[in-house]
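Chemist: Got a structure for you, data32.txt, holding compact mmCIF, C-alpha atoms.
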# COMPACT_ATOMS: atom_id res chain seq x y z
CA MET A 573 18.04 32.58 -27.57
CA ASN A 574 16.54 32.98 -31.02
CA LEU A 575 17.56 29.46 -31.88
CA LEU A 576 15.84 28.22 -28.72
CA SER A 577 12.60 30.03 -29.56
CA GLU A 578 12.70 28.69 -33.09
CA THR A 579 13.22 25.16 -31.81
CA LYS A 580 10.23 25.59 -29.52
CA LEU A 581 8.11 26.89 -32.37
CA ASN A 582 9.22 24.04 -34.58
CA LEU A 583 8.24 21.46 -32.00
CA LYS A 584 4.76 22.79 -31.36
CA PRO A 585 3.08 21.26 -34.45
CA TYR A 586 4.49 17.89 -33.42
CA ARG A 587 3.31 18.09 -29.81
CA ASN A 588 0.15 16.09 -30.46
CA TYR A 589 2.12 13.43 -32.33
CA MET A 590 4.58 13.25 -29.43
CA LEU A 591 1.76 12.76 -26.92
CA VAL A 592 0.16 10.04 -29.06
CA GLY A 593 3.60 8.46 -29.53
CA LEU A 594 4.10 8.37 -25.77
CA LEU A 595 0.75 6.69 -25.29
CA ILE A 596 1.49 4.11 -28.00
CA LEU A 597 4.85 3.38 -26.37
CA ALA A 598 3.12 2.91 -23.00
CA VAL A 599 0.57 0.50 -24.54
CA PHE A 600 3.39 -1.41 -26.25
CA TRP A 601 5.33 -1.72 -22.96
CA THR A 602 2.18 -2.90 -21.15
CA LEU A 603 1.73 -5.58 -23.80
CA VAL A 604 5.31 -6.85 -23.78
CA SER A 605 5.62 -6.86 -19.98
CA ARG A 606 2.55 -9.02 -19.40
CA VAL A 607 3.00 -11.84 -16.91
CA PRO A 608 3.15 -15.17 -18.79
CA VAL A 609 -0.02 -17.00 -17.78
CA ASP A 610 1.89 -20.26 -17.21
CA SER A 611 4.33 -18.71 -14.73
CA ALA A 612 1.53 -16.93 -12.85
CA THR A 613 -0.39 -20.12 -12.24
CA GLN A 614 2.22 -22.87 -12.07
CA GLU A 615 5.19 -21.46 -10.17
CA GLU A 616 5.02 -22.13 -6.45
CA ALA A 617 6.03 -19.17 -4.30
CA PRO A 618 9.19 -19.89 -2.25
CA PRO A 619 8.77 -20.16 1.52
CA SER A 620 9.03 -16.74 3.14
CA PRO A 621 7.07 -15.14 5.98
CA ARG A 622 5.22 -12.61 3.89
CA GLN A 623 2.04 -12.13 1.90
CA GLY A 624 1.92 -14.10 -1.35
CA PHE A 625 4.63 -16.57 -0.33
CA SER A 626 4.43 -20.13 0.88
CA ALA A 627 4.36 -20.26 4.71
CA PRO A 628 7.63 -21.71 6.07
CA ASP A 629 7.00 -25.12 7.56
CA PHE A 630 7.56 -25.79 11.26
CA SER A 631 6.76 -28.27 13.98
CA ALA A 632 6.10 -27.30 17.57
CA GLU A 633 4.87 -28.95 20.74
CA LEU A 634 1.35 -28.22 21.87
CA LEU A 635 0.58 -27.05 25.39
CA ASN A 636 -1.88 -29.89 25.91
CA GLY A 637 0.55 -32.50 24.59
CA GLY A 638 1.18 -33.68 21.06
CA GLN A 639 2.70 -31.76 18.21
CA VAL A 640 1.57 -29.57 15.34
CA THR A 641 3.26 -29.48 11.91
CA LEU A 642 2.10 -26.71 9.62
CA SER A 643 2.53 -28.65 6.36
CA GLU A 644 0.16 -31.35 7.69
CA LEU A 645 -2.62 -28.77 7.84
CA ARG A 646 -2.69 -28.23 4.06
CA GLY A 647 -6.25 -28.20 2.79
CA GLN A 648 -7.49 -26.12 5.70
CA PRO A 649 -7.20 -22.37 6.27
CA VAL A 650 -4.85 -21.57 9.16
CA VAL A 651 -4.56 -18.50 11.37
CA LEU A 652 -1.14 -18.44 13.05
CA ASN A 653 -1.00 -15.95 15.91
CA VAL A 654 2.44 -15.34 17.43
CA TRP A 655 2.15 -14.05 20.99
CA ALA A 656 3.60 -13.81 24.50
CA THR A 657 1.92 -13.37 27.88
CA TRP A 658 3.97 -10.25 28.72
CA CYS A 659 2.78 -8.48 25.56
CA PRO A 660 -0.33 -6.31 26.33
CA PRO A 661 -1.76 -6.15 22.78
CA CYS A 662 -1.32 -9.96 22.47
CA ARG A 663 -3.37 -10.41 25.63
CA SER A 664 -6.00 -7.91 24.47
CA GLU A 665 -6.73 -9.62 21.17
CA MET A 666 -7.08 -13.14 22.61
CA PRO A 667 -10.85 -12.88 23.35
CA ALA A 668 -11.47 -11.78 19.74
CA LEU A 669 -9.36 -14.68 18.42
CA GLU A 670 -11.23 -17.12 20.67
CA LYS A 671 -14.61 -15.80 19.47
CA ILE A 672 -13.67 -16.15 15.80
CA TYR A 673 -12.23 -19.62 16.40
CA LYS A 674 -15.50 -20.75 18.00
CA ASP A 675 -17.57 -19.19 15.20
CA PHE A 676 -15.58 -20.69 12.33
CA LYS A 677 -13.99 -23.94 13.52
CA GLU A 678 -16.96 -25.91 12.21
CA GLN A 679 -16.15 -24.55 8.75
CA GLY A 680 -12.65 -25.98 8.98
CA LEU A 681 -10.70 -23.03 10.41
CA ILE A 682 -7.51 -23.93 12.25
CA LEU A 683 -6.18 -21.36 14.71
CA ILE A 684 -2.80 -21.84 16.35
CA GLY A 685 -1.59 -19.53 19.09
CA LEU A 686 2.18 -19.84 18.86
CA ASN A 687 3.67 -18.72 22.14
CA LEU A 688 7.22 -17.34 22.15
CA THR A 689 8.14 -19.64 25.02
CA SER A 690 11.86 -18.86 24.72
CA GLN A 691 10.97 -15.37 26.02
CA ASP A 692 8.07 -16.42 28.24
CA SER A 693 7.38 -18.88 31.03
CA GLU A 694 5.33 -22.01 30.50
CA LYS A 695 3.54 -21.47 33.80
CA SER A 696 2.40 -18.00 32.71
CA VAL A 697 1.12 -19.52 29.47
CA VAL A 698 -0.90 -22.18 31.32
CA ASP A 699 -2.32 -19.57 33.72
CA PHE A 700 -3.25 -17.23 30.87
CA VAL A 701 -4.94 -19.98 28.83
CA LEU A 702 -6.99 -21.12 31.84
CA GLU A 703 -7.84 -17.59 32.92
CA ASN A 704 -9.15 -16.72 29.42
CA SER A 705 -10.71 -20.14 28.75
CA LEU A 706 -8.90 -20.43 25.42
CA THR A 707 -9.96 -23.50 23.46
CA PHE A 708 -7.76 -23.18 20.35
CA PRO A 709 -4.44 -25.07 20.27
CA VAL A 710 -1.48 -23.25 21.81
CA ALA A 711 1.92 -24.24 20.43
CA LEU A 712 5.21 -23.60 22.23
CA ASP A 713 8.23 -22.17 20.44
CA ARG A 714 10.69 -23.25 23.14
CA ASP A 715 13.97 -22.44 21.36
CA GLY A 716 12.87 -19.55 19.14
CA THR A 717 13.19 -21.57 15.91
CA VAL A 718 9.79 -20.53 14.58
CA GLN A 719 10.37 -16.94 15.66
CA ARG A 720 13.57 -16.82 13.58
CA LYS A 721 12.01 -18.65 10.64
CA TYR A 722 9.12 -16.19 10.54
CA LYS A 723 11.40 -13.17 11.17
CA ILE A 724 9.08 -11.90 13.89
CA SER A 725 9.86 -8.23 14.50
CA GLY A 726 6.80 -7.15 16.47
CA TYR A 727 4.27 -8.78 18.77
CA PRO A 728 1.68 -9.93 18.16
CA THR A 729 2.07 -11.00 14.54
CA THR A 730 -0.69 -12.92 12.81
CA PHE A 731 -0.41 -14.87 9.56
CA PHE A 732 -3.52 -15.78 7.59
CA ILE A 733 -2.60 -18.87 5.56
CA ASP A 734 -4.84 -20.34 2.86
CA LYS A 735 -5.64 -23.96 2.11
CA GLU A 736 -2.66 -24.18 -0.25
CA GLY A 737 -0.25 -23.02 2.45
CA ILE A 738 0.16 -19.54 0.94
CA ILE A 739 0.26 -16.56 3.30
CA ARG A 740 -2.61 -14.31 2.24
CA SER A 741 -2.15 -11.61 4.83
CA VAL A 742 0.16 -10.63 7.69
CA VAL A 743 -0.91 -8.32 10.51
CA VAL A 744 1.93 -6.99 12.65
CA GLY A 745 0.95 -5.38 15.94
CA GLY A 746 -2.39 -5.32 17.64
CA PRO A 747 -4.81 -5.70 19.16
CA MET A 748 -6.71 -6.81 16.07
CA SER A 749 -10.42 -6.13 16.13
CA ALA A 750 -12.80 -9.08 15.85
CA ALA A 751 -14.09 -7.71 12.53
CA LEU A 752 -10.56 -7.58 11.12
CA ILE A 753 -9.94 -11.23 12.04
CA GLN A 754 -13.34 -12.28 10.74
CA SER A 755 -12.89 -10.45 7.42
CA LYS A 756 -9.55 -12.17 6.84
CA VAL A 757 -10.98 -15.55 7.82
CA GLU A 758 -13.98 -15.05 5.50
CA ASP A 759 -11.54 -14.39 2.64
CA LEU A 760 -9.63 -17.59 3.45
CA LEU A 761 -12.79 -19.67 3.60
CA LYS A 762 -14.12 -18.20 0.34
CA GLU A 763 -11.11 -19.45 -1.63
CA THR A 764 -11.59 -22.69 -3.50
CA PRO A 765 -9.38 -25.59 -2.35
CA MET B 1136 14.38 -3.76 5.51
CA TYR B 1137 13.53 -2.23 8.88
CA PRO B 1138 9.74 -2.20 9.10
CA PHE B 1139 9.51 -2.02 12.90
CA LEU B 1140 11.56 -1.02 15.90
CA ARG B 1141 10.55 -2.37 19.28
CA ILE B 1142 11.25 -0.07 22.23
CA GLY B 1143 9.96 -1.93 25.28
CA PRO B 1144 6.21 -2.31 24.83
CA LEU B 1145 6.20 0.26 22.03
CA LEU B 1146 6.28 -0.94 18.42
CA LEU B 1147 7.53 1.84 16.17
CA ASN B 1148 6.41 1.40 12.58
CA PHE B 1149 9.29 2.86 10.54
CA ALA B 1150 7.53 2.28 7.23
CA GLY B 1151 4.38 4.06 8.41
CA LEU B 1152 6.52 6.84 9.85
CA ALA B 1153 8.20 7.40 6.46
CA ALA B 1154 4.79 7.73 4.80
CA VAL B 1155 3.61 10.19 7.48
CA MET B 1156 6.84 12.18 7.09
CA GLY B 1157 6.12 12.26 3.35
CA VAL B 1158 2.67 13.74 4.02
CA TRP B 1159 4.09 16.31 6.43
CA ILE B 1160 6.85 17.51 4.06
CA ALA B 1161 4.35 17.50 1.19
CA ILE B 1162 2.00 19.80 3.13
CA THR B 1163 4.91 22.14 3.99
CA ILE B 1164 5.96 22.36 0.34
CA THR B 1165 2.35 22.83 -0.78
CA GLU B 1166 2.01 25.80 1.59
CA LYS B 1167 5.04 27.43 -0.06
CA GLU B 1168 3.70 26.69 -3.53
CA SER B 1169 0.31 28.14 -2.54
CA LEU B 1170 1.98 31.49 -1.79
CA ARG B 1171 3.67 31.37 -5.17
CA MET B 1172 0.29 30.72 -6.82
CA LYS B 1173 -1.19 33.63 -4.83
CA LEU B 1174 -3.52 31.30 -2.92
CA ASP B 1175 -4.27 31.34 0.80
CA PRO B 1176 -1.95 28.62 2.19
CA ASN B 1177 -4.26 27.99 5.15
CA GLN B 1178 -7.17 27.23 2.88
CA VAL B 1179 -5.09 24.89 0.76
CA THR B 1180 -3.76 23.09 3.86
CA ASN B 1181 -7.28 22.79 5.26
CA THR B 1182 -8.42 21.30 1.94
CA ILE B 1183 -5.68 18.66 2.19
CA LEU B 1184 -6.45 17.88 5.83
CA ILE B 1185 -10.18 17.60 5.18
CA GLY B 1186 -9.40 15.31 2.25
CA LEU B 1187 -7.18 13.16 4.48
CA VAL B 1188 -9.72 12.86 7.30
CA ALA B 1189 -12.58 12.17 4.87
CA GLY B 1190 -10.32 9.66 3.13
CA VAL B 1191 -9.74 7.70 6.34
CA VAL B 1192 -13.46 7.73 7.19
CA GLY B 1193 -14.38 6.70 3.63
CA ALA B 1194 -11.78 3.93 3.62
CA ARG B 1195 -13.15 2.51 6.88
CA LEU B 1196 -16.75 2.72 5.65
CA GLY B 1197 -15.74 1.09 2.38
CA TYR B 1198 -14.12 -1.81 4.23
CA THR B 1199 -17.17 -2.08 6.50
CA LEU B 1200 -19.48 -2.36 3.50
CA GLN B 1201 -17.21 -4.95 1.90
CA TYR B 1202 -17.26 -7.11 5.06
CA LEU B 1203 -20.66 -6.08 6.39
CA GLN B 1204 -21.36 -9.34 8.21
CA ALA B 1205 -18.08 -9.11 10.14
CA PHE B 1206 -18.97 -5.62 11.36
CA ILE B 1207 -22.59 -6.51 12.13
CA SER B 1208 -21.27 -9.32 14.35
CA ASN B 1209 -18.68 -7.00 15.92
CA PRO B 1210 -20.04 -3.42 15.69
CA LEU B 1211 -17.40 -1.89 18.00
CA SER B 1212 -14.73 -2.87 15.47
CA LEU B 1213 -15.91 0.06 13.36
CA PHE B 1214 -13.94 2.30 15.73
CA SER B 1215 -10.82 0.15 16.04
CA ILE B 1216 -7.46 1.64 15.11
CA ASN B 1217 -6.45 -1.24 12.81
CA PRO B 1218 -5.15 0.29 9.55
CA GLU B 1219 -5.80 -3.07 7.87
CA THR B 1220 -9.55 -2.39 7.98
CA LEU B 1221 -9.33 0.39 5.40
CA LEU B 1222 -10.29 0.11 1.74
CA PRO B 1223 -7.75 2.29 -0.15
CA TRP B 1224 -9.76 3.10 -3.30
CA ALA B 1225 -12.84 4.04 -1.26
CA GLY B 1226 -10.64 6.33 0.84
CA LEU B 1227 -9.09 7.93 -2.23
CA LEU B 1228 -12.48 8.58 -3.78
CA THR B 1229 -14.03 9.98 -0.60
CA GLY B 1230 -10.97 12.11 0.16
CA LEU B 1231 -10.93 13.59 -3.34
CA LEU B 1232 -14.65 14.35 -3.29
CA ALA B 1233 -14.44 15.98 0.13
CA ALA B 1234 -11.41 18.06 -0.89
CA VAL B 1235 -13.07 19.20 -4.12
CA PHE B 1236 -16.29 20.08 -2.28
CA TYR B 1237 -14.44 22.03 0.43
CA GLY B 1238 -12.13 23.76 -2.07
CA ARG B 1239 -15.09 24.90 -4.19
CA ARG B 1240 -16.93 26.20 -1.15
CA LYS B 1241 -13.89 28.22 -0.18
CA GLY B 1242 -13.59 29.59 -3.69
CA LEU B 1243 -10.19 28.06 -4.48
CA SER B 1244 -9.44 28.20 -8.22
CA LEU B 1245 -9.01 24.72 -9.62
CA ARG B 1246 -5.88 25.00 -11.75
CA PRO B 1247 -3.70 27.13 -9.45
CA THR B 1248 -4.70 24.83 -6.55
CA LEU B 1249 -3.77 21.75 -8.53
CA ASP B 1250 -0.43 23.34 -9.45
CA ALA B 1251 0.18 24.20 -5.80
CA LEU B 1252 -0.37 20.52 -4.95
CA ALA B 1253 1.91 19.19 -7.70
CA PRO B 1254 5.39 19.26 -6.07
CA GLY B 1255 3.90 18.08 -2.74
CA LEU B 1256 2.32 15.12 -4.50
CA ALA B 1257 5.73 14.14 -5.88
CA VAL B 1258 7.27 14.47 -2.39
CA PHE B 1259 4.56 12.22 -0.97
CA MET B 1260 5.50 9.62 -3.57
CA ILE B 1261 9.14 9.82 -2.47
CA GLY B 1262 7.94 9.15 1.10
CA LEU B 1263 5.89 6.22 -0.14
CA GLY B 1264 8.93 4.78 -1.94
CA VAL B 1265 11.02 5.04 1.25
CA SER B 1266 8.16 3.47 3.19
CA HIS B 1267 8.06 0.55 0.75
CA PHE B 1268 11.83 0.17 1.05
CA LEU B 1269 11.61 -0.03 4.84
CA SER B 1270 8.68 -2.44 4.87
CA GLY B 1271 9.83 -4.60 1.97
CA ASN B 1272 6.46 -4.08 0.28
CA ALA B 1273 6.13 -3.40 -3.46
CA TYR B 1274 9.09 -5.75 -3.95
CA GLY B 1275 10.82 -6.49 -7.23
CA ALA B 1276 10.86 -9.51 -9.51
CA PRO B 1277 13.70 -12.04 -9.13
CA THR B 1278 16.82 -11.09 -11.10
CA ASP B 1279 20.57 -11.73 -11.14
CA LEU B 1280 21.54 -8.18 -12.12
CA PRO B 1281 24.58 -6.81 -10.24
CA TRP B 1282 22.46 -4.26 -8.35
CA SER B 1283 19.86 -6.79 -7.21
CA ILE B 1284 19.08 -7.01 -3.50
CA ASN B 1285 18.38 -10.06 -1.38
CA LEU B 1286 14.80 -9.82 -0.27
CA TRP B 1287 12.21 -12.41 0.67
CA SER B 1288 14.51 -15.37 0.02
CA GLU B 1289 15.66 -14.26 -3.45
CA GLN B 1290 17.82 -11.76 -5.35
CA ARG B 1291 15.38 -9.16 -6.63
CA HIS B 1292 15.12 -5.87 -8.49
CA PRO B 1293 15.36 -3.03 -5.93
CA SER B 1294 11.95 -1.83 -7.15
CA GLN B 1295 11.51 0.42 -4.10
CA VAL B 1296 14.74 2.24 -4.98
CA TYR B 1297 13.63 2.64 -8.61
CA GLU B 1298 10.31 4.00 -7.36
CA THR B 1299 11.96 6.48 -4.98
CA LEU B 1300 14.44 7.76 -7.58
CA ALA B 1301 11.69 8.15 -10.19
CA ALA B 1302 9.56 10.11 -7.70
CA ALA B 1303 12.58 12.34 -6.94
CA LEU B 1304 12.99 13.00 -10.67
CA ILE B 1305 9.30 13.91 -11.01
CA PHE B 1306 9.63 16.22 -8.01
CA ALA B 1307 12.63 17.97 -9.60
CA LEU B 1308 10.67 18.43 -12.84
CA ALA B 1309 7.62 19.76 -11.00
CA TRP B 1310 9.67 22.07 -8.79
CA PHE B 1311 11.74 23.65 -11.54
CA SER B 1312 8.92 23.98 -14.06
CA SER B 1313 6.41 25.42 -11.60
CA THR B 1314 7.61 29.01 -12.20
CA ARG B 1315 7.19 28.65 -15.96
CA ARG B 1316 3.71 27.16 -15.83
CA GLN B 1317 2.40 29.09 -12.85
CA GLY B 1318 -1.24 28.37 -12.13
CA THR B 1319 -2.18 26.84 -15.49
CA GLY B 1320 -2.73 23.33 -14.12
CA MET B 1321 -0.08 22.01 -16.49
CA ASN B 1322 2.41 21.35 -13.70
CA PHE B 1323 -0.09 19.11 -11.92
CA LEU B 1324 -0.80 17.27 -15.16
CA LEU B 1325 2.95 16.87 -15.67
CA VAL B 1326 3.23 15.16 -12.25
CA VAL B 1327 0.20 12.94 -12.92
CA ALA B 1328 1.36 11.96 -16.42
CA GLY B 1329 4.94 11.45 -15.20
CA SER B 1330 3.77 9.26 -12.33
CA ALA B 1331 1.59 7.21 -14.68
CA CYS B 1332 4.56 6.71 -17.06
CA VAL B 1333 6.74 5.64 -14.14
CA ARG B 1334 4.12 3.19 -12.89
CA ILE B 1335 3.65 1.68 -16.36
CA PHE B 1336 7.40 1.31 -16.87
CA LEU B 1337 8.45 0.15 -13.39
CA GLU B 1338 5.56 -2.24 -12.82
CA ALA B 1339 7.30 -4.61 -15.26
CA PHE B 1340 10.06 -5.07 -12.65
CA ARG B 1341 7.72 -5.81 -9.76
CA GLY B 1342 7.37 -9.25 -8.23
CA ASP B 1343 4.00 -8.66 -6.60
CA SER B 1344 1.89 -7.31 -9.45
CA GLN B 1345 -1.81 -7.94 -9.40
CA VAL B 1346 -2.52 -9.76 -12.64
CA MET B 1347 -5.70 -9.49 -14.72
CA ALA B 1348 -7.00 -11.79 -17.44
CA GLY B 1349 -4.49 -12.26 -20.24
CA GLY B 1350 -1.56 -11.65 -17.89
CA PHE B 1351 -2.01 -7.86 -17.90
CA ARG B 1352 -0.71 -6.11 -14.80
CA THR B 1353 -3.57 -4.16 -13.18
CA ALA B 1354 -1.34 -1.21 -12.22
CA GLN B 1355 -0.14 -0.80 -15.81
CA VAL B 1356 -3.69 -0.83 -17.18
CA ALA B 1357 -4.76 1.73 -14.56
CA GLY B 1358 -1.63 3.75 -15.39
CA LEU B 1359 -2.59 3.77 -19.08
CA VAL B 1360 -6.05 5.14 -18.28
CA VAL B 1361 -4.56 7.87 -16.06
CA LEU B 1362 -1.88 8.72 -18.64
CA ALA B 1363 -4.45 9.00 -21.44
CA ALA B 1364 -6.66 11.25 -19.30
CA ALA B 1365 -3.72 13.45 -18.26
CA LEU B 1366 -2.47 13.82 -21.86
CA LEU B 1367 -5.96 14.66 -23.09
CA LEU B 1368 -6.34 17.34 -20.42
CA MET B 1369 -2.84 18.65 -21.23
CA ARG B 1370 -3.89 19.08 -24.84
CA ARG B 1371 -7.19 20.78 -23.97
CA TRP B 1372 -5.77 23.08 -21.30
CA GLY B 1373 -2.77 23.79 -23.53
CA GLU B 1374 -5.06 24.79 -26.41
CA LYS B 1375 -7.03 27.14 -24.18
CA ARG B 1376 -3.81 28.70 -22.96
CA VAL B 1377 -2.65 29.26 -26.53
CA ALA B 1378 -6.04 30.76 -27.40
CA ILE B 1379 -5.85 33.14 -24.43
CA SER B 1380 -2.27 34.16 -25.09
CA GLY B 1381 -2.58 34.04 -28.88
CA PRO B 1382 -2.60 36.92 -31.35
CA GLY B 1383 -4.87 39.76 -30.33
CA ALA B 1384 -4.90 38.88 -26.65
CA ALA B 1385 -3.97 41.81 -24.48
CA GLN B 1386 -2.63 39.70 -21.70
CA GLU B 1387 -2.82 36.14 -20.38
Spell out the structure here as structure tokens.
Modeler:
Amino acid sequence: MNLLSETKLNLKPYRNYMLVGLLILAVFWTLVSRVPVDSATQEEAPPSPRQGFSAPDFSAELLNGGQVTLSELRGQPVVLNVWATWCPPCRSEMPALEKIYKDFKEQGLILIGLNLTSQDSEKSVVDFVLENSLTFPVALDRDGTVQRKYKISGYPTTFFIDKEGIIRSVVVGGPMSAALIQSKVEDLLKETP
Amino acid sequence: MYPFLRIGPLLLNFAGLAAVMGVWIAITITEKESLRMKLDPNQVTNTILIGLVAGVVGARLGYTLQYLQAFISNPLSLFSINPETLLPWAGLLTGLLAAVFYGRRKGLSLRPTLDALAPGLAVFMIGLGVSHFLSGNAYGAPTDLPWSINLWSEQRHPSQVYETLAAALIFALAWFSSTRRQGTGMNFLLVVAGSACVRIFLEAFRGDSQVMAGGFRTAQVAGLVVLAAALLLMRRWGEKRVAISGPGAAQE
């Protein structure tokens, strides 16, 4: 017990030095663990369906005919909304998506409504699009390939992809408010090509 | 990673649930600590809850100000339930200010209150670590170490596990030293300084660090500022304690 008290007493004069030493060690670690500037700017993020990564490429048929390939849209900001007609929050956020699409398409915004057709019916999709007067392109994921590639775990899921094809933000669930969509789109449009 | 569970039309957010559980357990532990610090647990809990509510309101207002045009065009969005339209630092600042204001009005002593919050804060960080593990957020840098995990197309450091274990260690320190440093504020500073050290050390293994000019990781720089402030306060509060309990003092 006495030894313990003595040790404590002996350490007290060094307490300030120990605190300063800790701080110096922390500064040193911060310096040595900096991110090399070259790797931060030059390395391309691997494709993965999450923020900060390159958006996995896909091709899908469009409801109005033709096909869309994500990689061909490089140079333009893309909003990819994954939805189904039987999903209430997906249905609820469609008017907001349509409004933002109309407001920003002139500035180069691409919005794709990717329907999970493997779990939906094409007739329901057509009816829903007509009923809500949707003007943005609706793509059909007939065999669930895109759903698997993007590891969709909840509906709706929306990916905000920049001009370089990097996913800047992912919103799972909904309905998204119009301001949320607009704020994300503004961020995408602000970025330099 | 299991961020969501779909039960019919219901989308259960596991990651969010872990964070909420962290808050709930933290409040329960804080109530117990409040009794030990001879504080009214109801007042301490109310302070936390007011801080949380003010934090959410502040975070939403902060986001609104940042994207003012978007909210002017869509004013009803101000009341939407989207957690994405929250600005974390604005929420933290507002929550802290509201909690301090309420605590002072209720006459809560600063240092015992901070000490009562200390173990709960560490528990909240454990919850946050579990939440990150479930969501796959705060992911690690690529590595080929034997304990790496496959996440987001690569073998990576299990940074969420590191974070959770470190928070558990800080909790153990805070819990077992709280009886020795009862009500001096030192236990809270220990948690803050410990957390800052952990952030500075573990950030080096993260794959999603925000990088500043010169390649500095923002979280490490912020951690350094917090660590310096905590150590400075430790020294000052420690000196005062020595002066109070020094020779000639009748009692602490």
Chemist: Mind giving me the straight-line distance from CA of Thr1278 in chain B to CA of Phe1149 in chain B in Å, one decimal?
Modeler: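 Going from CA of Thr1278 in chain B over to CA of Phe1149 in chain B, I get 26.8 Å.
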Chemist: Of the candidates B:Val1346, B:Ala1302, B:Leu1232, B:Ala1364, which shows the shortest atom-to-atom distance to chain A, using all atoms listed in the file?
Modeler: B:Val1346
Chemist: Using all atoms listed in the file, I'd like every residue of chain A that has an atom within 9 Å of chain B; please write them out as a ChimeraX atom specification.
Modeler: /A:587-588,591-592,594-595,598-599,601-603,605-609,612,618-622,624-625,659-660,725-727,743,745-755,758
Chemist: With all atoms listed in the file as the atoms that count, which of A:Val651, A:Tyr586, A:Thr689, A:Phe600 lies nearest to Val742 in chain A?
Modeler: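 Residue with the minimum atom-to-atom distance to Val742 in chain A: A:Val651.
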Chemist: Quote the spacing between CA of Tyr673 in chain A and CA of Val710 in chain A in Å to one decimal place.
Modeler: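 Taking CA of Tyr673 in chain A and CA of Val710 in chain A, their separation equals 12.6 Å.
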Chemist: At what distance in Å, to one decimal, does CA of Val1191 in chain B lie from CA of Gly1226 in chain B?
Modeler: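 These two atoms are separated by 5.7 Å.
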Chemist: Would you kindly return, as a tab-separated table (two decimals) with C-alpha atoms, keeping the file's coordinate frame, each protein, DNA or RNA residue with an atom no farther than 12 Å from any atom of Pro1223 in chain B, considering only C-alpha atoms and excluding same-chain residues fewer than 5 positions away?
Modeler:
chain	number	residue	atom	x	y	z
B	1187	LEU	CA	-7.18	13.16	4.48
B	1190	GLY	CA	-10.32	9.66	3.13
B	1191	VAL	CA	-9.74	7.70	6.34
B	1192	VAL	CA	-13.46	7.73	7.19
B	1193	GLY	CA	-14.38	6.70	3.63
B	1194	ALA	CA	-11.78	3.93	3.62
B	1195	ARG	CA	-13.15	2.51	6.88
B	1196	LEU	CA	-16.75	2.72	5.65
B	1197	GLY	CA	-15.74	1.09	2.38
B	1198	TYR	CA	-14.12	-1.81	4.23
B	1218	PRO	CA	-5.15	0.29	9.55
B	1228	LEU	CA	-12.48	8.58	-3.78
B	1229	THR	CA	-14.03	9.98	-0.60
B	1230	GLY	CA	-10.97	12.11	0.16
Chemist: May I have the residues within 9 Å of range 1241-1252 of chain B as a PDB file with C-alpha atoms, keeping the file's coordinate frame, using only C-alpha atoms and disregarding those fewer than 5 positions away in the same chain?
Modeler:
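This is the output file part-v7.pdb:
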ATOM      1  CA  ALA B1161       4.350  17.500   1.190  1.00  0.00           C
ATOM      2  CA  ILE B1162       2.000  19.800   3.130  1.00  0.00           C
ATOM      3  CA  ILE B1164       5.960  22.360   0.340  1.00  0.00           C
ATOM      4  CA  THR B1165       2.350  22.830  -0.780  1.00  0.00           C
ATOM      5  CA  GLU B1166       2.010  25.800   1.590  1.00  0.00           C
ATOM      6  CA  LYS B1167       5.040  27.430  -0.060  1.00  0.00           C
ATOM      7  CA  GLU B1168       3.700  26.690  -3.530  1.00  0.00           C
ATOM      8  CA  SER B1169       0.310  28.140  -2.540  1.00  0.00           C
ATOM      9  CA  LEU B1170       1.980  31.490  -1.790  1.00  0.00           C
ATOM     10  CA  ARG B1171       3.670  31.370  -5.170  1.00  0.00           C
ATOM     11  CA  MET B1172       0.290  30.720  -6.820  1.00  0.00           C
ATOM     12  CA  LYS B1173      -1.190  33.630  -4.830  1.00  0.00           C
ATOM     13  CA  LEU B1174      -3.520  31.300  -2.920  1.00  0.00           C
ATOM     14  CA  ASP B1175      -4.270  31.340   0.800  1.00  0.00           C
ATOM     15  CA  GLN B1178      -7.170  27.230   2.880  1.00  0.00           C
ATOM     16  CA  VAL B1179      -5.090  24.890   0.760  1.00  0.00           C
ATOM     17  CA  VAL B1235     -13.070  19.200  -4.120  1.00  0.00           C
ATOM     18  CA  PHE B1236     -16.290  20.080  -2.280  1.00  0.00           C
ATOM     19  CA  ALA B1257       5.730  14.140  -5.880  1.00  0.00           C
ATOM     20  CA  ALA B1309       7.620  19.760 -11.000  1.00  0.00           C
ATOM     21  CA  SER B1313       6.410  25.420 -11.600  1.00  0.00           C
ATOM     22  CA  ARG B1316       3.710  27.160 -15.830  1.00  0.00           C
ATOM     23  CA  GLN B1317       2.400  29.090 -12.850  1.00  0.00           C
ATOM     24  CA  GLY B1318      -1.240  28.370 -12.130  1.00  0.00           C
ATOM     25  CA  THR B1319      -2.180  26.840 -15.490  1.00  0.00           C
ATOM     26  CA  GLY B1320      -2.730  23.330 -14.120  1.00  0.00           C
ATOM     27  CA  MET B1321      -0.080  22.010 -16.490  1.00  0.00           C
ATOM     28  CA  ASN B1322       2.410  21.350 -13.700  1.00  0.00           C
ATOM     29  CA  PHE B1323      -0.090  19.110 -11.920  1.00  0.00           C
ATOM     30  CA  LEU B1324      -0.800  17.270 -15.160  1.00  0.00           C
TER      31      LEU B1324
END
Chemist: Quick one: 6 Å padding each side, axis-aligned, all listed atoms of range 1148-1161 of chain B - centre and edge lengths in Å to one decimal, as lines of an AutoDock Vina configuration file?
Modeler:
center_x = 6.0
center_y = 9.5
center_z = 6.9
size_x = 18.6
size_y = 28.1
size_z = 23.4
